[in-house]
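Asks: Provided herewith: query31.csv, CSV, C-alpha atoms.
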chain,number,residue,atom,x,y,z
U,1,MET,CA,-4.4,1.7,-0.4
U,2,PHE,CA,-7.6,2.3,-2.2
U,3,ALA,CA,-7.6,0.5,-5.5
U,4,THR,CA,-4.3,-1.0,-6.6
U,5,ARG,CA,-1.8,0.9,-4.3
U,6,THR,CA,0.1,1.9,-7.4
U,7,ILE,CA,-0.6,5.6,-6.9
U,8,ALA,CA,1.0,7.4,-4.0
U,9,SER,CA,-1.5,8.6,-1.5
U,10,PHE,CA,-1.1,10.3,1.8
U,11,CYS,CA,-4.0,8.1,2.2
U,12,CYS,CA,-15.8,19.2,5.3
U,13,ALA,CA,-14.7,21.0,7.1
U,14,CYS,CA,-17.9,19.0,6.7
U,15,ILE,CA,-20.2,21.9,6.0
U,16,LEU,CA,-20.3,22.3,9.8
U,17,THR,CA,-17.7,23.9,12.0
U,18,MET,CA,-15.4,21.0,13.2
U,19,ALA,CA,-14.4,20.8,16.8
U,20,ALA,CA,-10.7,21.2,17.4
U,21,GLY,CA,-8.6,18.1,18.0
U,22,THR,CA,-9.4,14.5,17.2
U,23,ALA,CA,-13.0,13.5,17.5
U,24,GLN,CA,-13.8,11.0,20.2
U,25,ALA,CA,-15.3,7.6,19.6
U,26,VAL,CA,-18.8,7.8,18.4
U,27,ALA,CA,-21.5,5.1,18.1
U,28,SER,CA,-22.7,4.0,14.7
U,29,PRO,CA,-25.8,6.1,14.0
U,30,ARG,CA,-27.4,3.3,12.0
U,31,PRO,CA,-26.9,-0.4,11.2
U,32,GLY,CA,-23.7,-0.7,9.3
U,33,TYR,CA,-22.3,-2.8,6.4
U,34,ILE,CA,-19.5,-5.2,5.8
U,35,PHE,CA,-18.5,-5.8,2.2
U,36,ALA,CA,-15.9,-8.3,0.9
U,37,LEU,CA,-13.3,-6.5,-1.2
U,38,THR,CA,-12.5,-8.2,-4.5
U,39,GLN,CA,-11.7,-7.5,-8.2
U,40,LEU,CA,-13.8,-7.9,-11.3
U,41,GLY,CA,-11.1,-10.0,-12.9
U,42,ARG,CA,-11.3,-12.6,-10.2
U,43,GLY,CA,-14.9,-13.5,-11.1
U,44,PHE,CA,-17.7,-14.3,-8.7
U,45,ASN,CA,-16.7,-16.4,-5.6
U,46,PRO,CA,-19.8,-17.6,-3.7
U,47,ALA,CA,-17.8,-18.1,-0.6
U,48,LEU,CA,-17.3,-14.4,-0.2
U,49,VAL,CA,-21.0,-13.7,0.2
U,50,ALA,CA,-21.9,-16.9,2.1
U,51,PRO,CA,-21.2,-15.6,5.6
U,52,SER,CA,-24.3,-14.0,7.2
U,53,TYR,CA,-22.2,-11.0,8.3
U,54,VAL,CA,-21.2,-10.1,4.7
U,55,ASP,CA,-23.7,-7.6,3.2
U,56,GLY,CA,-22.1,-7.5,-0.3
U,57,LEU,CA,-19.1,-7.1,-2.6
U,58,ALA,CA,-16.9,-4.1,-3.1
U,59,LEU,CA,-15.7,-4.5,-6.7
U,60,GLN,CA,-12.5,-2.9,-7.9
U,61,ILE,CA,-12.8,-2.5,-11.7
U,62,GLY,CA,-10.1,-1.2,-14.1
U,63,TRP,CA,-11.1,1.3,-16.7
U,64,HIS,CA,-9.7,-1.0,-19.4
U,65,GLU,CA,-11.9,-3.8,-18.3
U,66,LEU,CA,-15.1,-1.8,-19.1
U,67,GLU,CA,-13.9,0.2,-22.1
U,68,PRO,CA,-11.1,-1.7,-23.9
U,69,GLU,CA,-11.7,0.5,-26.9
U,70,PRO,CA,-13.1,4.1,-27.1
U,71,GLY,CA,-16.9,3.9,-26.6
U,72,GLN,CA,-16.9,0.0,-26.7
U,73,TYR,CA,-18.2,-1.1,-23.4
U,74,ARG,CA,-18.1,-4.6,-21.9
U,75,TRP,CA,-20.7,-5.0,-19.2
U,76,ASP,CA,-20.9,-8.8,-19.4
U,77,ARG,CA,-18.6,-9.7,-16.5
U,78,LEU,CA,-19.8,-6.9,-14.3
U,79,ASP,CA,-23.4,-7.8,-15.0
U,80,ALA,CA,-22.7,-11.4,-14.1
U,81,MET,CA,-21.1,-10.5,-10.7
U,82,VAL,CA,-23.8,-8.0,-9.8
U,83,GLY,CA,-26.5,-10.5,-10.8
U,84,ALA,CA,-24.9,-13.3,-8.8
U,85,ALA,CA,-24.6,-11.2,-5.7
U,86,ALA,CA,-28.2,-10.0,-6.1
U,87,ALA,CA,-29.4,-13.6,-6.5
U,88,ARG,CA,-28.0,-14.3,-3.0
U,89,GLY,CA,-29.6,-11.2,-1.5
U,90,LYS,CA,-26.3,-9.2,-1.4
U,91,LYS,CA,-25.4,-5.7,-2.6
U,92,VAL,CA,-22.5,-4.3,-4.6
U,93,THR,CA,-20.3,-1.2,-4.4
U,94,LEU,CA,-18.6,-0.1,-7.6
U,95,HIS,CA,-15.0,1.2,-7.5
U,96,VAL,CA,-14.3,1.9,-11.2
U,97,LEU,CA,-10.7,3.1,-11.3
U,98,PRO,CA,-8.9,5.4,-13.8
U,99,LEU,CA,-5.5,4.3,-12.7
U,100,HIS,CA,-3.4,2.6,-15.4
U,101,PRO,CA,-5.7,4.0,-18.1
U,102,PRO,CA,-6.1,2.2,-21.4
U,103,GLU,CA,-3.5,3.1,-23.9
U,104,TRP,CA,-6.1,4.5,-26.3
U,105,ILE,CA,-6.6,7.5,-24.0
U,106,PHE,CA,-3.1,8.8,-25.0
U,107,ASP,CA,-3.9,8.2,-28.7
U,108,GLU,CA,-7.0,10.4,-28.2
U,109,GLY,CA,-4.7,13.2,-27.0
U,110,ALA,CA,-4.5,12.9,-23.2
U,111,GLN,CA,-1.3,14.3,-21.7
U,112,ALA,CA,0.8,11.6,-20.2
U,113,PHE,CA,2.6,12.1,-16.9
U,114,THR,CA,5.5,9.7,-16.6
U,115,PHE,CA,7.4,9.3,-13.4
U,116,THR,CA,9.3,6.8,-11.3
U,117,MET,CA,7.3,5.5,-8.4
U,118,GLY,CA,9.0,6.6,-5.1
U,119,ARG,CA,10.4,4.0,-2.8
U,120,ARG,CA,8.4,5.4,0.1
U,121,GLY,CA,4.8,4.5,-0.2
U,122,GLY,CA,5.3,2.9,-3.6
U,123,GLY,CA,4.5,-0.6,-2.5
U,124,PRO,CA,5.1,-3.4,-5.0
U,125,ASN,CA,5.7,-0.8,-7.8
U,126,ALA,CA,8.4,1.1,-6.0
U,127,GLY,CA,11.1,2.1,-8.5
U,128,ARG,CA,9.0,1.4,-11.5
U,129,GLN,CA,8.3,3.8,-14.4
U,130,MET,CA,4.6,4.8,-14.3
U,131,ARG,CA,2.5,6.4,-16.9
U,132,GLU,CA,-0.7,8.1,-15.8
U,133,VAL,CA,-2.9,10.9,-17.0
U,134,LEU,CA,-2.9,14.2,-15.2
U,135,PRO,CA,-6.2,14.4,-13.3
U,136,TRP,CA,-7.2,17.7,-14.8
U,137,ASP,CA,-6.5,16.7,-18.4
U,138,PRO,CA,-9.5,17.7,-20.5
U,139,VAL,CA,-9.4,14.6,-22.8
U,140,PHE,CA,-9.3,12.4,-19.7
U,141,LEU,CA,-12.2,14.2,-18.1
U,142,ASP,CA,-14.3,14.1,-21.3
U,143,ARG,CA,-13.8,10.4,-21.7
U,144,TRP,CA,-14.4,9.7,-18.0
U,145,GLU,CA,-17.6,11.7,-18.1
U,146,LYS,CA,-18.9,9.6,-21.0
U,147,LEU,CA,-18.0,6.4,-19.2
U,148,THR,CA,-19.6,7.4,-16.0
U,149,THR,CA,-22.7,8.6,-17.7
U,150,ASP,CA,-23.1,5.3,-19.5
U,151,LEU,CA,-22.3,3.4,-16.3
U,152,GLY,CA,-25.1,5.2,-14.6
U,153,ARG,CA,-27.6,4.4,-17.3
U,154,HIS,CA,-26.7,0.8,-16.9
U,155,TYR,CA,-26.6,0.6,-13.1
U,156,ASN,CA,-28.4,3.5,-11.3
U,157,GLY,CA,-31.7,1.7,-11.6
U,158,ASN,CA,-30.2,-1.6,-10.3
U,159,ASP,CA,-31.3,-2.2,-6.7
U,160,ALA,CA,-28.3,-4.5,-6.1
U,161,VAL,CA,-25.9,-1.5,-6.5
U,162,LEU,CA,-25.6,0.2,-3.1
U,163,ALA,CA,-22.9,2.8,-3.8
U,164,VAL,CA,-20.4,4.0,-6.4
U,165,SER,CA,-17.0,5.6,-5.7
U,166,VAL,CA,-16.2,9.1,-7.1
U,167,THR,CA,-12.8,8.0,-8.3
U,168,ALA,CA,-12.1,10.9,-10.8
U,169,PRO,CA,-10.2,13.1,-11.1
U,170,SER,CA,-8.1,11.0,-8.8
U,171,PRO,CA,-9.3,8.1,-6.5
U,172,GLU,CA,-7.7,9.4,-3.4
U,173,MET,CA,-7.5,13.1,-4.3
U,174,ALA,CA,-3.7,13.0,-4.1
U,175,LEU,CA,-1.8,13.5,-7.3
U,176,PRO,CA,-0.1,10.5,-9.0
U,177,GLY,CA,3.6,10.6,-8.0
U,178,GLY,CA,3.1,13.4,-5.6
U,179,ILE,CA,5.5,12.1,-2.8
U,180,PRO,CA,7.5,15.0,-1.2
U,181,GLY,CA,11.2,14.7,-1.9
U,182,THR,CA,10.8,13.1,-5.3
U,183,ASP,CA,11.5,14.4,-8.8
U,184,SER,CA,7.9,13.8,-9.7
U,185,PHE,CA,6.7,16.0,-6.8
U,186,LEU,CA,8.8,18.9,-8.2
U,187,GLN,CA,7.3,18.3,-11.6
U,188,LEU,CA,3.8,18.4,-10.3
U,189,GLU,CA,4.4,21.6,-8.4
U,190,LYS,CA,5.2,23.3,-11.7
U,191,LEU,CA,2.2,21.8,-13.5
U,192,TYR,CA,-0.4,22.1,-10.7
U,193,SER,CA,-3.1,24.8,-10.4
U,194,LYS,CA,-5.4,24.6,-7.4
U,195,ASP,CA,-8.2,26.4,-9.3
U,196,VAL,CA,-7.9,24.1,-12.3
U,197,TYR,CA,-7.9,21.0,-10.1
U,198,PHE,CA,-10.9,22.2,-8.1
U,199,ARG,CA,-12.9,22.9,-11.2
U,200,ALA,CA,-12.1,19.3,-12.3
U,201,TRP,CA,-13.5,18.0,-9.0
U,202,LYS,CA,-16.6,20.1,-9.2
U,203,ARG,CA,-17.2,18.8,-12.7
U,204,MET,CA,-16.8,15.2,-11.8
U,205,ILE,CA,-18.9,15.5,-8.7
U,206,ASP,CA,-21.7,16.8,-10.9
U,207,VAL,CA,-21.2,14.0,-13.4
U,208,TYR,CA,-21.5,11.3,-10.8
U,209,GLN,CA,-24.7,13.0,-9.4
U,210,ALA,CA,-26.3,13.1,-12.8
U,211,ALA,CA,-25.3,9.5,-13.5
U,212,PHE,CA,-26.1,8.0,-10.1
U,213,PRO,CA,-28.7,10.3,-8.4
U,214,ASP,CA,-30.2,7.4,-6.4
U,215,LYS,CA,-26.9,5.9,-5.1
U,216,ALA,CA,-24.5,6.6,-2.3
U,217,LYS,CA,-21.3,8.2,-3.5
U,218,LEU,CA,-18.0,7.4,-1.8
U,219,LEU,CA,-15.5,10.2,-1.7
U,220,VAL,CA,-11.9,10.1,-0.4
U,221,PRO,CA,-10.5,13.3,1.2
U,222,GLY,CA,-6.8,13.5,0.5
U,223,ILE,CA,-3.7,15.6,0.6
U,224,VAL,CA,-2.8,17.4,-2.6
U,225,LEU,CA,1.0,17.9,-2.7
U,226,ILE,CA,1.2,19.3,0.9
U,227,ASP,CA,-2.2,21.0,0.9
U,228,GLU,CA,-4.4,19.4,3.6
U,229,ASP,CA,-7.2,22.0,3.2
U,230,PHE,CA,-8.0,21.3,-0.5
U,231,ALA,CA,-10.2,18.5,0.7
U,232,ASP,CA,-12.4,20.9,2.6
U,233,ASP,CA,-13.7,22.7,-0.5
U,234,VAL,CA,-14.2,19.4,-2.4
U,235,VAL,CA,-16.2,17.8,0.5
U,236,THR,CA,-18.3,21.0,1.0
U,237,TYR,CA,-19.2,21.0,-2.7
U,238,ALA,CA,-19.9,17.3,-2.8
U,239,HIS,CA,-22.1,17.5,0.3
U,240,GLY,CA,-24.1,20.3,-1.3
U,241,ARG,CA,-24.7,18.1,-4.4
U,242,TYR,CA,-25.2,14.7,-2.7
U,243,GLY,CA,-26.6,15.5,0.8
U,244,ASP,CA,-26.7,12.4,3.0
U,245,ARG,CA,-25.8,10.3,0.0
U,246,LEU,CA,-22.2,11.5,0.4
U,247,TRP,CA,-20.2,8.9,2.2
U,248,LEU,CA,-16.6,9.8,3.1
U,249,PHE,CA,-14.2,7.0,2.6
U,250,ASN,CA,-10.6,6.0,3.3
U,251,ALA,CA,-8.7,2.9,2.1
U,252,GLY,CA,-5.9,2.9,4.7
U,253,LEU,CA,-7.5,1.5,7.9
U,254,ARG,CA,-4.8,0.0,10.2
U,255,ALA,CA,-4.4,-0.6,13.9
U,256,GLY,CA,-3.7,3.0,14.6
U,257,GLY,CA,-6.5,4.4,12.6
U,258,VAL,CA,-5.7,5.9,9.2
U,259,PRO,CA,-2.3,7.2,8.1
U,260,GLN,CA,-3.6,10.6,7.1
U,261,ALA,CA,-4.4,11.3,10.8
U,262,HIS,CA,-0.6,11.4,11.4
U,263,ILE,CA,0.6,13.4,8.4
U,264,LEU,CA,1.2,17.1,8.7
U,265,ARG,CA,-1.5,18.5,11.0
U,266,GLY,CA,-3.7,15.4,10.6
U,267,HIS,CA,-6.5,17.5,9.1
U,268,VAL,CA,-7.7,14.8,6.8
U,269,GLY,CA,-8.2,12.5,9.7
U,270,ASP,CA,-10.2,15.2,11.4
U,271,ILE,CA,-12.4,15.6,8.3
U,272,LEU,CA,-13.2,11.9,8.5
U,273,THR,CA,-14.0,11.7,12.2
U,274,GLY,CA,-15.8,15.0,12.2
U,275,TYR,CA,-18.1,13.9,9.4
U,276,ALA,CA,-19.0,10.7,11.2
U,277,ALA,CA,-19.5,12.5,14.5
U,278,ARG,CA,-22.1,14.7,12.9
U,279,GLY,CA,-24.1,11.8,11.5
U,280,GLY,CA,-22.5,11.4,8.1
U,281,ARG,CA,-21.7,7.9,6.8
U,282,LEU,CA,-18.0,7.0,7.0
U,283,GLY,CA,-16.6,4.0,5.1
U,284,LEU,CA,-13.2,2.4,5.7
U,285,GLN,CA,-11.2,-0.2,3.8
U,286,THR,CA,-8.4,-2.0,5.6
U,287,ILE,CA,-5.0,-1.0,4.4
U,288,TRP,CA,-4.1,-4.6,3.6
U,289,SER,CA,-5.3,-8.1,4.5
U,290,SER,CA,-4.6,-9.4,8.0
U,291,THR,CA,-4.1,-12.9,6.6
U,292,ASP,CA,-1.3,-12.0,4.3
U,293,ASP,CA,0.6,-8.9,5.5
U,294,PRO,CA,4.3,-9.6,5.1
U,295,ASN,CA,5.3,-5.9,5.3
U,296,GLY,CA,3.2,-5.3,8.4
U,297,ARG,CA,1.0,-2.6,6.8
U,298,MET,CA,-1.8,-3.4,9.3
U,299,GLN,CA,0.6,-2.5,12.2
U,300,GLY,CA,-1.4,-4.7,14.5
U,301,THR,CA,-4.2,-7.2,14.4
U,302,LEU,CA,-7.4,-7.1,12.4
U,303,HIS,CA,-9.3,-6.7,15.7
U,304,GLU,CA,-7.2,-3.6,16.6
U,305,ALA,CA,-7.8,-2.1,13.1
U,306,LEU,CA,-11.5,-2.7,13.2
U,307,ASP,CA,-11.8,-1.3,16.7
U,308,ALA,CA,-9.9,1.8,15.6
U,309,GLY,CA,-12.4,2.1,12.7
U,310,LEU,CA,-15.4,1.9,15.0
U,311,LYS,CA,-13.9,4.6,17.2
U,312,MET,CA,-13.6,6.8,14.2
U,313,GLY,CA,-17.3,6.4,13.7
U,314,ALA,CA,-17.2,4.2,10.6
U,315,SER,CA,-20.4,2.2,9.7
U,316,TYR,CA,-19.2,0.8,6.3
U,317,PHE,CA,-16.2,-1.6,6.2
U,318,GLU,CA,-14.5,-3.2,3.2
U,319,ILE,CA,-12.6,-6.4,4.2
U,320,TYR,CA,-10.2,-8.1,1.9
U,321,ALA,CA,-11.5,-11.4,0.4
U,322,VAL,CA,-8.7,-13.5,1.9
U,323,ASP,CA,-9.7,-12.3,5.4
U,324,VAL,CA,-13.4,-13.0,4.8
U,325,GLN,CA,-12.4,-16.6,3.8
U,326,ASN,CA,-10.0,-17.0,6.7
U,327,SER,CA,-11.7,-19.3,9.2
U,328,ASP,CA,-9.7,-17.9,12.1
U,329,LEU,CA,-11.3,-14.5,11.5
U,330,GLN,CA,-14.9,-15.5,11.2
U,331,SER,CA,-15.8,-14.7,14.8
U,332,GLU,CA,-13.9,-11.4,14.6
U,333,LEU,CA,-16.0,-10.3,11.6
U,334,SER,CA,-19.2,-11.6,13.0
U,335,ASP,CA,-18.5,-9.6,16.1
U,336,LEU,CA,-17.9,-6.5,13.9
U,337,LYS,CA,-21.3,-7.0,12.3
U,338,HIS,CA,-22.9,-7.3,15.8
U,339,ARG,CA,-21.2,-4.1,16.9
U,340,LEU,CA,-22.4,-2.3,13.8
U,341,GLY,CA,-26.0,-3.2,14.7
U,342,GLY,CA,-26.5,-6.0,12.2
Would you write out, as structure tokens, the structure that this file holds?

Replies:
Amino acid sequence: MFATRTIASFCCACILTMAAGTAQAVASPRPGYIFALTQLGRGFNPALVAPSYVDGLALQIGWHELEPEPGQYRWDRLDAMVGAAAARGKKVTLHVLPLHPPEWIFDEGAQAFTFTMGRRGGGPNAGRQMREVLPWDPVFLDRWEKLTTDLGRHYNGNDAVLAVSVTAPSPEMALPGGIPGTDSFLQLEKLYSKDVYFRAWKRMIDVYQAAFPDKAKLLVPGIVLIDEDFADDVVTYAHGRYGDRLWLFNAGLRAGGVPQAHILRGHVGDILTGYAARGGRLGLQTIWSSTDDPNGRMQGTLHEALDAGLKMGASYFEIYAVDVQNSDLQSELSDLKHRLGG
């Protein structure tokens, strides 16, 4: 899923009243984007932005890569990748991720949440011991606010940066380890306060707006424990702060759409399609690469997944680097760009 797939995810009411049931296919309201998904640690690969249908790079960036020590930022590699993309007329989306936080955050007093990654939905980390920060932890929020503020000073004025992900308090809104039926889920139920978590979201939404007032902000509605409706309040608040610069996002696009549309009442899926149907920008990242999908996460072909995304109303797509470089998929991605109005 979004980011590194190490956090379990079951991945506003869109300000406007949402029609009941699943939204029907909608046409893209504006020319769309295709971004190649890659990681900062991989460095710049010119081949990813060479195709005419690729509009830019979606960069996944670990917290420790930008701030290896408290307050000591390293912009050099990110500057180099943003600059290289800009030199080729391409844009960049920044996904700075708080998952696997640097060890110094615990030395600063952040509360650690340790759990065993559940077998269901755990991906390559299934069965492993994980150590994360609770997304409402005040030390974490203070440090992330400072990082985001400084990141905004560095990149809000850079025309090559198209968008930034609102990845805190939690990249996909779901709580780390929050898989029903696991011990960690029971622990989280005891620790969780909806009011506290919502206040953390409002704070971070404000922080991103102050840091990146001129950029699109990607936000992922998610299920919190078994609460599908938590996302409504967060999206409503974010829309009030960001307006049309709020882009809803999901990192689980597969042949049948997104997994959240089939969990519980499917309300999160309705939030996504309803937002797009009313003219909001919807972005989707494929759940895995089509080129290398040994576990069948795509549940079909790339064509079927992209078609499902278009029917949801998406106009921003993130495609794994290996698929962008796969010669057998060039016509498929070129056709997607054509269908997006590019």

Asks: Find the spatial neighbours of Tyr316 (chain U), counting all atoms listed in the file, within a cut-off of 8 Å - ignore same-chain residues fewer than 3 positions away - and output them as a count of residues only.

Replies: 8

Asks: Give the answer as one residue: which of U:Leu175, U:Ala85, U:Leu134, U:Leu66 has the shortest atom-to-atom distance to Asp150 (chain U), using only C-alpha atoms?

Replies: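 Ranked by minimum distance to Asp150 (chain U), first place goes to U:Leu66.
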
Asks: Identify the residues around (-18.2, 5.0, -2.4) within a radius of 12 Å, measuring from only C-alpha atoms in the coordinates stated by the file, and give them as a PyMOL selection string.

Replies: chain U and resi 2-3+35+58-60+92-97+161-168+171-172+208+212+215-221+242+245-251+281-285+316-318

Asks: What does the structure give for the distance between CA of Thr114 (chain U) and CA of Arg131 (chain U), in Å to one decimal?

Replies: 4.5 Å

Asks: So which residues touch Asp142 (chain U) within 12 Å, counting all atoms listed in the file, skipping near sequence neighbours fewer than 3 positions away, as a PyMOL selection string?

Replies: chain U and resi 70-71+105+108-110+135-139+145-149+168-169+200+203-204+207

Asks: The selected residues should be written to file as a PDB file, keeping the file's coordinate frame (atoms: C-alpha atoms).

Replies:
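New file part19.pdb:
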ATOM      1  CA  PRO U  70     -13.100   4.100 -27.100  1.00  0.00           C
ATOM      2  CA  GLY U  71     -16.900   3.900 -26.600  1.00  0.00           C
ATOM      3  CA  ILE U 105      -6.600   7.500 -24.000  1.00  0.00           C
ATOM      4  CA  GLU U 108      -7.000  10.400 -28.200  1.00  0.00           C
ATOM      5  CA  GLY U 109      -4.700  13.200 -27.000  1.00  0.00           C
ATOM      6  CA  ALA U 110      -4.500  12.900 -23.200  1.00  0.00           C
ATOM      7  CA  PRO U 135      -6.200  14.400 -13.300  1.00  0.00           C
ATOM      8  CA  TRP U 136      -7.200  17.700 -14.800  1.00  0.00           C
ATOM      9  CA  ASP U 137      -6.500  16.700 -18.400  1.00  0.00           C
ATOM     10  CA  PRO U 138      -9.500  17.700 -20.500  1.00  0.00           C
ATOM     11  CA  VAL U 139      -9.400  14.600 -22.800  1.00  0.00           C
ATOM     12  CA  GLU U 145     -17.600  11.700 -18.100  1.00  0.00           C
ATOM     13  CA  LYS U 146     -18.900   9.600 -21.000  1.00  0.00           C
ATOM     14  CA  LEU U 147     -18.000   6.400 -19.200  1.00  0.00           C
ATOM     15  CA  THR U 148     -19.600   7.400 -16.000  1.00  0.00           C
ATOM     16  CA  THR U 149     -22.700   8.600 -17.700  1.00  0.00           C
ATOM     17  CA  ALA U 168     -12.100  10.900 -10.800  1.00  0.00           C
ATOM     18  CA  PRO U 169     -10.200  13.100 -11.100  1.00  0.00           C
ATOM     19  CA  ALA U 200     -12.100  19.300 -12.300  1.00  0.00           C
ATOM     20  CA  ARG U 203     -17.200  18.800 -12.700  1.00  0.00           C
ATOM     21  CA  MET U 204     -16.800  15.200 -11.800  1.00  0.00           C
ATOM     22  CA  VAL U 207     -21.200  14.000 -13.400  1.00  0.00           C
TER      23      VAL U 207
END

Asks: For each of U:Leu310, U:Glu228, U:Asp233, U:Ser289, take the minimum atom-to-atom distance to Leu329 (chain U), counting all atoms listed in the file, then give the residue where this is smallest.

Replies: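 Closest candidate: U:Ser289.
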
Asks: Could you tell me how far CA of Thr236 (chain U) sits from CA of Pro213 (chain U), in Å to one decimal place?

Replies: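 Distance reported for this atom pair: 17.6 Å.
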
Asks: Can you measure CA of Asp292 (chain U) to CA of Tyr320 (chain U) for me? One decimal in Å is fine.

Replies: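 Computing it gives 10.0 Å between the two atoms.
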
Asks: Which polymer residues, protein or nucleic acid, are no farther than 12 Å from (-19.0, 21.1, -1.5), counting only C-alpha atoms, as a PDB file with C-alpha atoms, in the frame of the given file?

Replies:
ATOM      1  CA  CYS U  12     -15.800  19.200   5.300  1.00  0.00           C
ATOM      2  CA  ALA U  13     -14.700  21.000   7.100  1.00  0.00           C
ATOM      3  CA  CYS U  14     -17.900  19.000   6.700  1.00  0.00           C
ATOM      4  CA  ILE U  15     -20.200  21.900   6.000  1.00  0.00           C
ATOM      5  CA  LEU U  16     -20.300  22.300   9.800  1.00  0.00           C
ATOM      6  CA  PHE U 198     -10.900  22.200  -8.100  1.00  0.00           C
ATOM      7  CA  ARG U 199     -12.900  22.900 -11.200  1.00  0.00           C
ATOM      8  CA  TRP U 201     -13.500  18.000  -9.000  1.00  0.00           C
ATOM      9  CA  LYS U 202     -16.600  20.100  -9.200  1.00  0.00           C
ATOM     10  CA  ARG U 203     -17.200  18.800 -12.700  1.00  0.00           C
ATOM     11  CA  ILE U 205     -18.900  15.500  -8.700  1.00  0.00           C
ATOM     12  CA  ASP U 206     -21.700  16.800 -10.900  1.00  0.00           C
ATOM     13  CA  LEU U 219     -15.500  10.200  -1.700  1.00  0.00           C
ATOM     14  CA  PRO U 221     -10.500  13.300   1.200  1.00  0.00           C
ATOM     15  CA  PHE U 230      -8.000  21.300  -0.500  1.00  0.00           C
ATOM     16  CA  ALA U 231     -10.200  18.500   0.700  1.00  0.00           C
ATOM     17  CA  ASP U 232     -12.400  20.900   2.600  1.00  0.00           C
ATOM     18  CA  ASP U 233     -13.700  22.700  -0.500  1.00  0.00           C
ATOM     19  CA  VAL U 234     -14.200  19.400  -2.400  1.00  0.00           C
ATOM     20  CA  VAL U 235     -16.200  17.800   0.500  1.00  0.00           C
ATOM     21  CA  THR U 236     -18.300  21.000   1.000  1.00  0.00           C
ATOM     22  CA  TYR U 237     -19.200  21.000  -2.700  1.00  0.00           C
ATOM     23  CA  ALA U 238     -19.900  17.300  -2.800  1.00  0.00           C
ATOM     24  CA  HIS U 239     -22.100  17.500   0.300  1.00  0.00           C
ATOM     25  CA  GLY U 240     -24.100  20.300  -1.300  1.00  0.00           C
ATOM     26  CA  ARG U 241     -24.700  18.100  -4.400  1.00  0.00           C
ATOM     27  CA  TYR U 242     -25.200  14.700  -2.700  1.00  0.00           C
ATOM     28  CA  GLY U 243     -26.600  15.500   0.800  1.00  0.00           C
ATOM     29  CA  LEU U 246     -22.200  11.500   0.400  1.00  0.00           C
TER      30      LEU U 246
END

Asks: From the list U:Tyr192, U:Trp288, U:Phe106, U:Phe140, which residue is nearest Ala305 (chain U) when using all atoms listed in the file?

Replies: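 Smallest separation from Ala305 (chain U) among the options: U:Trp288.
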
Asks: Give me the residues near Glu132 (chain U) as a ChimeraX atom specification, where near means some atom within 8 Å (using all atoms listed in the file) and where sequence neighbours in that chain fewer than 3 positions away do not count.

Replies: /U:99-101,112-114,176

Asks: Could you write those residues out with C-alpha atoms, as a PDB file, in the coordinates of the input?

Replies:
ATOM      1  CA  LEU U  99      -5.500   4.300 -12.700  1.00  0.00           C
ATOM      2  CA  HIS U 100      -3.400   2.600 -15.400  1.00  0.00           C
ATOM      3  CA  PRO U 101      -5.700   4.000 -18.100  1.00  0.00           C
ATOM      4  CA  ALA U 112       0.800  11.600 -20.200  1.00  0.00           C
ATOM      5  CA  PHE U 113       2.600  12.100 -16.900  1.00  0.00           C
ATOM      6  CA  THR U 114       5.500   9.700 -16.600  1.00  0.00           C
ATOM      7  CA  PRO U 176      -0.100  10.500  -9.000  1.00  0.00           C
TER       8      PRO U 176
END

Asks: Using only C-alpha atoms, determine which residues lie at most 12 Å from Lys190 (chain U), disregarding the query and same-chain residues fewer than 5 positions distant; provide the list as a list in words.

Replies: Gly178, Asp183, Ser184, Phe185 and Leu225 of chain U

Asks: With distances taken over only C-alpha atoms, which of U:Val196, U:Ala36, U:Val258, U:Met312 is nearest to Gly280 (chain U)?

Replies: U:Met312
